[in-house]
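Below is query14.cif, holding mmCIF, C-alpha atoms.
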```cif
data_model
loop_
_atom_site.label_atom_id
_atom_site.label_comp_id
_atom_site.auth_asym_id
_atom_site.auth_seq_id
_atom_site.Cartn_x
_atom_site.Cartn_y
_atom_site.Cartn_z
CA MET S 26 64.30 57.61 -57.14
CA SER S 27 65.28 59.57 -54.02
CA MET S 28 68.69 59.24 -52.43
CA ILE S 29 69.01 59.21 -48.62
CA GLU S 30 70.05 62.59 -47.21
CA ARG S 31 70.83 63.73 -43.66
CA ASN S 32 67.18 64.40 -42.71
CA SER S 33 65.42 61.78 -44.83
CA SER S 34 62.62 59.60 -43.56
CA VAL S 35 63.83 56.08 -44.36
CA THR S 36 61.86 52.83 -44.31
CA LEU S 37 64.16 49.84 -44.04
CA PHE S 38 64.71 46.30 -42.96
CA TYR S 39 67.66 45.94 -40.62
CA ARG S 40 69.69 43.40 -38.72
CA ILE S 41 72.08 44.31 -35.94
CA GLY S 42 74.61 41.92 -34.54
CA LEU S 43 78.18 41.46 -33.49
CA THR S 44 81.15 40.62 -35.65
CA ASP S 45 81.03 37.00 -34.39
CA ASP S 46 77.75 36.60 -36.36
CA GLN S 47 75.59 36.78 -33.22
CA VAL S 48 72.30 38.46 -34.24
CA LEU S 49 70.77 40.78 -31.63
CA GLU S 50 67.85 42.31 -33.53
CA ASP S 51 66.39 41.48 -36.92
CA ASN S 52 63.22 42.69 -38.65
CA PHE S 53 63.81 41.15 -42.11
CA ASP S 54 60.99 38.65 -41.45
CA ASP S 55 58.69 41.32 -40.04
CA GLU S 56 57.48 44.78 -41.03
CA PRO S 57 60.09 47.35 -42.06
CA MET S 58 60.91 50.18 -39.66
CA THR S 59 60.68 53.87 -40.55
CA VAL S 60 63.10 56.33 -38.97
CA MET S 61 63.80 60.02 -39.39
CA LEU S 62 67.54 60.51 -39.80
CA GLY S 63 68.99 63.14 -37.52
CA SER S 64 66.41 62.50 -34.79
CA GLY S 65 68.68 60.35 -32.61
CA GLU S 66 66.70 57.15 -33.17
CA MET S 67 69.71 55.39 -34.70
CA ALA S 68 73.40 55.09 -34.04
CA GLU S 69 75.32 57.89 -35.76
CA GLY S 70 77.47 55.44 -37.71
CA LEU S 71 74.47 53.73 -39.30
CA GLU S 72 72.89 57.05 -40.25
CA LEU S 73 76.13 58.18 -41.91
CA ALA S 74 76.43 54.85 -43.77
CA LEU S 75 72.89 55.23 -45.13
CA ILE S 76 73.57 58.61 -46.75
CA GLY S 77 73.58 58.16 -50.51
CA LEU S 78 71.69 54.84 -50.59
CA LYS S 79 68.47 54.54 -52.59
CA GLU S 80 65.30 52.44 -52.48
CA GLY S 81 66.21 48.78 -53.09
CA ASP S 82 69.84 49.14 -51.97
CA GLU S 83 71.25 46.58 -49.52
CA GLN S 84 74.38 47.05 -47.46
CA THR S 85 76.24 45.45 -44.55
CA ILE S 86 78.36 47.79 -42.46
CA GLU S 87 80.66 47.21 -39.49
CA ILE S 88 80.69 50.18 -37.15
CA GLY S 89 83.16 50.68 -34.32
CA PRO S 90 82.28 51.90 -30.84
CA ASP S 91 83.14 55.51 -31.70
CA LEU S 92 80.13 55.76 -34.05
CA ALA S 93 77.93 52.97 -32.69
CA PHE S 94 77.22 52.78 -28.95
CA GLY S 95 80.33 54.43 -27.53
CA TYR S 96 83.23 53.19 -25.48
CA ILE S 97 82.94 51.81 -21.97
CA ASP S 98 82.94 54.67 -19.45
CA ASP S 99 84.16 53.58 -16.00
CA ALA S 100 82.19 56.45 -14.43
CA LEU S 101 78.98 54.62 -15.43
CA PHE S 102 79.64 51.70 -13.08
CA ARG S 103 77.53 52.48 -10.03
CA SER S 104 76.69 50.98 -6.66
CA MET S 105 73.09 51.46 -5.58
CA ALA S 106 71.20 50.58 -2.44
CA ARG S 107 69.22 47.36 -2.83
CA ALA S 108 66.26 49.23 -1.32
CA GLU S 109 66.10 51.38 -4.50
CA PHE S 110 65.00 48.33 -6.50
CA ASP S 111 61.48 46.95 -6.62
CA PRO S 112 61.44 43.98 -4.20
CA ASP S 113 59.45 42.00 -6.78
CA ILE S 114 62.33 42.15 -9.30
CA GLU S 115 64.35 38.97 -9.14
CA LEU S 116 67.87 40.29 -9.59
CA GLU S 117 70.51 38.25 -11.37
CA ALA S 118 73.89 39.10 -12.86
CA GLY S 119 73.49 40.07 -16.51
CA LEU S 120 69.87 41.22 -16.13
CA ILE S 121 69.25 44.42 -18.11
CA ILE S 122 66.69 46.82 -16.66
CA GLU S 123 65.69 50.37 -17.54
CA PHE S 124 66.59 53.21 -15.23
CA ALA S 125 64.97 56.65 -15.28
CA THR S 126 67.24 59.67 -15.51
CA GLU S 127 66.61 62.99 -13.80
CA ASP S 128 65.30 64.46 -17.07
CA GLY S 129 62.72 61.70 -17.52
CA GLU S 130 64.64 59.69 -20.14
CA THR S 131 65.43 56.02 -19.67
CA LEU S 132 68.66 54.12 -20.12
CA PRO S 133 69.49 50.44 -19.87
CA GLY S 134 71.60 49.18 -16.99
CA THR S 135 73.14 45.75 -16.53
CA ILE S 136 73.23 44.16 -13.09
CA LEU S 137 76.82 43.12 -12.37
CA ASP S 138 76.43 41.66 -8.88
CA PHE S 139 74.45 42.27 -5.72
CA ASN S 140 73.96 41.35 -2.08
CA GLU S 141 71.27 42.15 0.50
CA ASP S 142 72.40 45.77 0.82
CA GLU S 143 73.93 46.84 -2.49
CA VAL S 144 73.57 46.34 -6.25
CA ARG S 145 76.42 47.05 -8.68
CA VAL S 146 75.13 48.29 -12.05
CA ASP S 147 76.80 49.07 -15.37
CA LEU S 148 74.93 51.99 -16.98
CA ASN S 149 76.92 51.84 -20.21
CA HIS S 150 74.88 50.80 -23.24
CA PRO S 151 74.97 46.97 -23.38
CA LEU S 152 76.82 47.22 -26.73
CA ALA S 153 79.33 49.86 -25.55
CA GLY S 154 82.88 49.05 -26.55
CA GLN S 155 81.85 46.63 -29.30
CA THR S 156 81.99 46.75 -33.07
CA VAL S 157 78.51 46.06 -34.42
CA ARG S 158 77.43 44.77 -37.81
CA TYR S 159 74.38 46.38 -39.41
CA SER S 160 72.71 44.92 -42.47
CA VAL S 161 70.06 47.06 -44.14
CA LYS S 162 67.70 46.92 -47.09
CA ILE S 163 66.17 50.25 -48.04
CA VAL S 164 62.42 50.01 -48.75
CA ALA S 165 61.54 53.70 -49.20
CA VAL S 166 63.10 57.16 -48.96
CA ASP S 167 61.08 60.31 -48.28
CA ASN S 168 62.94 63.60 -48.42
CA ASP S 169 59.78 65.71 -48.19
CA SER S 170 58.44 64.49 -44.86
CA ALA S 171 59.08 66.28 -41.58
CA GLU S 172 57.71 63.40 -39.48
CA PRO S 173 58.52 59.69 -39.67
CA LYS S 174 55.72 57.40 -40.81
CA THR S 175 55.26 54.09 -39.04
CA LEU S 176 54.09 51.10 -41.06
CA HIS S 177 51.82 48.63 -39.30
#
```
As structure tokens, the full file:
Amino acid sequence: MSMIERNSSVTLFYRIGLTDDQVLEDNFDDEPMTVMLGSGEMAEGLELALIGLKEGDEQTIEIGPDLAFGYIDDALFRSMARAEFDPDIELEAGLIIEFATEDGETLPGTILDFNEDEVRVDLNHPLAGQTVRYSVKIVAVDNDSAEPKTLH
């Protein structure tokens, strides 16, 4: 039975939430997800906690901001012209929308407040600054694959 290594392809069930037991994402009642460790698909802390686990192992891990989604960076609070937003989007405080970066990537931003002229946005990850709780059950480990396999 293979043990998870730094570049393993891992198929797993996972649940992510906060330490107050709020669940944010959960695929235990759905299909397992397959990820390639080291590809940036997962928070660094979860990848490190998976190293050494084997098929059938279950684990719950609390990961601080330093290894999960980072600390809050005040430089990522931005004011943008209201005209930069699609007029069909109904803005409201707390709304999370994706923004395109100059290199074509996307990142989530949370609307803080707005008026007719300006929108204040927090471009930190919505979980920045928080300790998250990951629960995982390892379904399969592939140390020979260079590409992740997606189960449907």
Would you mind telling me which residue in S:Asp91, S:Asp51, S:Asp138, S:Glu80 lies nearest to Ile29 in chain S when using all atoms listed in the file?
S:Glu80
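Between CA of Pro57 in chain S and CA of Thr36 in chain S the separation is 6.2 Å.
You can rank S:Gly134, S:Ser27, S:Ser64, S:Phe139 by their closest distance to Leu101 in chain S using only C-alpha atoms, and at the top of that list sits S:Gly134.
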Name the residues captured by the PyMOL selection byres ((chain S and resi 73) around 10) when it is applied to the shown file; answer as a tab-separated table (two decimals) with C-alpha atoms, in the coordinates of the input.
```tsv
chain	number	residue	atom	x	y	z
S	29	ILE	CA	69.01	59.21	-48.62
S	30	GLU	CA	70.05	62.59	-47.21
S	31	ARG	CA	70.83	63.73	-43.66
S	62	LEU	CA	67.54	60.51	-39.80
S	63	GLY	CA	68.99	63.14	-37.52
S	68	ALA	CA	73.40	55.09	-34.04
S	69	GLU	CA	75.32	57.89	-35.76
S	70	GLY	CA	77.47	55.44	-37.71
S	71	LEU	CA	74.47	53.73	-39.30
S	72	GLU	CA	72.89	57.05	-40.25
S	74	ALA	CA	76.43	54.85	-43.77
S	75	LEU	CA	72.89	55.23	-45.13
S	76	ILE	CA	73.57	58.61	-46.75
S	77	GLY	CA	73.58	58.16	-50.51
S	92	LEU	CA	80.13	55.76	-34.05
```
Write out as a list of chain:residue names each polymer residue whose atoms come within 12 Å of Asn140 in chain S, counting all atoms listed in the file; drop sequence neighbours fewer than 2 positions from it.
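The contact residues come out as S:Ser104, S:Met105, S:Ala106, S:Arg107, S:Ala108, S:Leu116, S:Glu117, S:Ala118, S:Ile136, S:Leu137, S:Asp138, S:Asp142, S:Glu143, S:Val144, S:Arg145.
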For the residues in the current selection, export C-alpha atoms as a JSON list (two decimals), in the frame of the given file.
```json
[["chain", "number", "residue", "atom", "x", "y", "z"],
["S", 104, "SER", "CA", 76.69, 50.98, -6.66],
["S", 105, "MET", "CA", 73.09, 51.46, -5.58],
["S", 106, "ALA", "CA", 71.20, 50.58, -2.44],
["S", 107, "ARG", "CA", 69.22, 47.36, -2.83],
["S", 108, "ALA", "CA", 66.26, 49.23, -1.32],
["S", 116, "LEU", "CA", 67.87, 40.29, -9.59],
["S", 117, "GLU", "CA", 70.51, 38.25, -11.37],
["S", 118, "ALA", "CA", 73.89, 39.10, -12.86],
["S", 136, "ILE", "CA", 73.23, 44.16, -13.09],
["S", 137, "LEU", "CA", 76.82, 43.12, -12.37],
["S", 138, "ASP", "CA", 76.43, 41.66, -8.88],
["S", 142, "ASP", "CA", 72.40, 45.77, 0.82],
["S", 143, "GLU", "CA", 73.93, 46.84, -2.49],
["S", 144, "VAL", "CA", 73.57, 46.34, -6.25],
["S", 145, "ARG", "CA", 76.42, 47.05, -8.68]]
```
Please enumerate the residues selected by the PyMOL selection byres ((chain S and resi 155) around 9) when evaluated against the supplied file, formatted as a PDB file with C-alpha atoms, in the coordinates of the input.
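Saved file result_17.pdb follows:
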```
ATOM      1  CA  LEU S  43      78.180  41.460 -33.490  1.00  0.00           C
ATOM      2  CA  THR S  44      81.150  40.620 -35.650  1.00  0.00           C
ATOM      3  CA  ILE S  88      80.690  50.180 -37.150  1.00  0.00           C
ATOM      4  CA  GLY S  89      83.160  50.680 -34.320  1.00  0.00           C
ATOM      5  CA  PRO S  90      82.280  51.900 -30.840  1.00  0.00           C
ATOM      6  CA  ALA S  93      77.930  52.970 -32.690  1.00  0.00           C
ATOM      7  CA  PHE S  94      77.220  52.780 -28.950  1.00  0.00           C
ATOM      8  CA  GLY S  95      80.330  54.430 -27.530  1.00  0.00           C
ATOM      9  CA  TYR S  96      83.230  53.190 -25.480  1.00  0.00           C
ATOM     10  CA  LEU S 152      76.820  47.220 -26.730  1.00  0.00           C
ATOM     11  CA  ALA S 153      79.330  49.860 -25.550  1.00  0.00           C
ATOM     12  CA  GLY S 154      82.880  49.050 -26.550  1.00  0.00           C
ATOM     13  CA  THR S 156      81.990  46.750 -33.070  1.00  0.00           C
ATOM     14  CA  VAL S 157      78.510  46.060 -34.420  1.00  0.00           C
TER      15      VAL S 157
END
```
From the set S:Arg158, S:Met28, S:Asp98, S:Ile122, which residue has the shortest atom-to-atom contact distance to Asp46 in chain S, counting only C-alpha atoms?
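The closest residue to Asp46 in chain S is S:Arg158.
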Using the chain letters and numbering of this document, enumerate as a ChimeraX atom specification the residues selected by the PyMOL selection byres ((chain S and resi 123) around 6).
/S:122,124,132-133
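The residue that comes closest to Met26 in chain S, out of S:Glu87, S:Asp147, S:Asp82, S:Glu109 and on the basis of all atoms listed in the file, is S:Asp82.
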I'd like the neighbourhood of Asp169 in chain S as a ChimeraX atom specification, where a residue qualifies if any of its atoms comes within 10 Å (using all atoms listed in the file), though same-chain residues fewer than 3 positions away should be ignored.
/S:32-34,166,172
Please produce a file of the residues just selected, as a CSV table (one decimal), in the frame of the given file, where the atoms kept are C-alpha atoms.
```
chain,number,residue,atom,x,y,z
S,32,ASN,CA,67.2,64.4,-42.7
S,33,SER,CA,65.4,61.8,-44.8
S,34,SER,CA,62.6,59.6,-43.6
S,166,VAL,CA,63.1,57.2,-49.0
S,172,GLU,CA,57.7,63.4,-39.5
```
So what do you get for CA of His150 in chain S versus CA of Tyr39 in chain S, distance-wise?
19.4 Å
Please, what distance in Å, to one decimal, runs between CA of Arg103 in chain S and CA of Leu49 in chain S?
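Atom-to-atom, CA of Arg103 in chain S and CA of Leu49 in chain S are spaced 25.5 Å apart.
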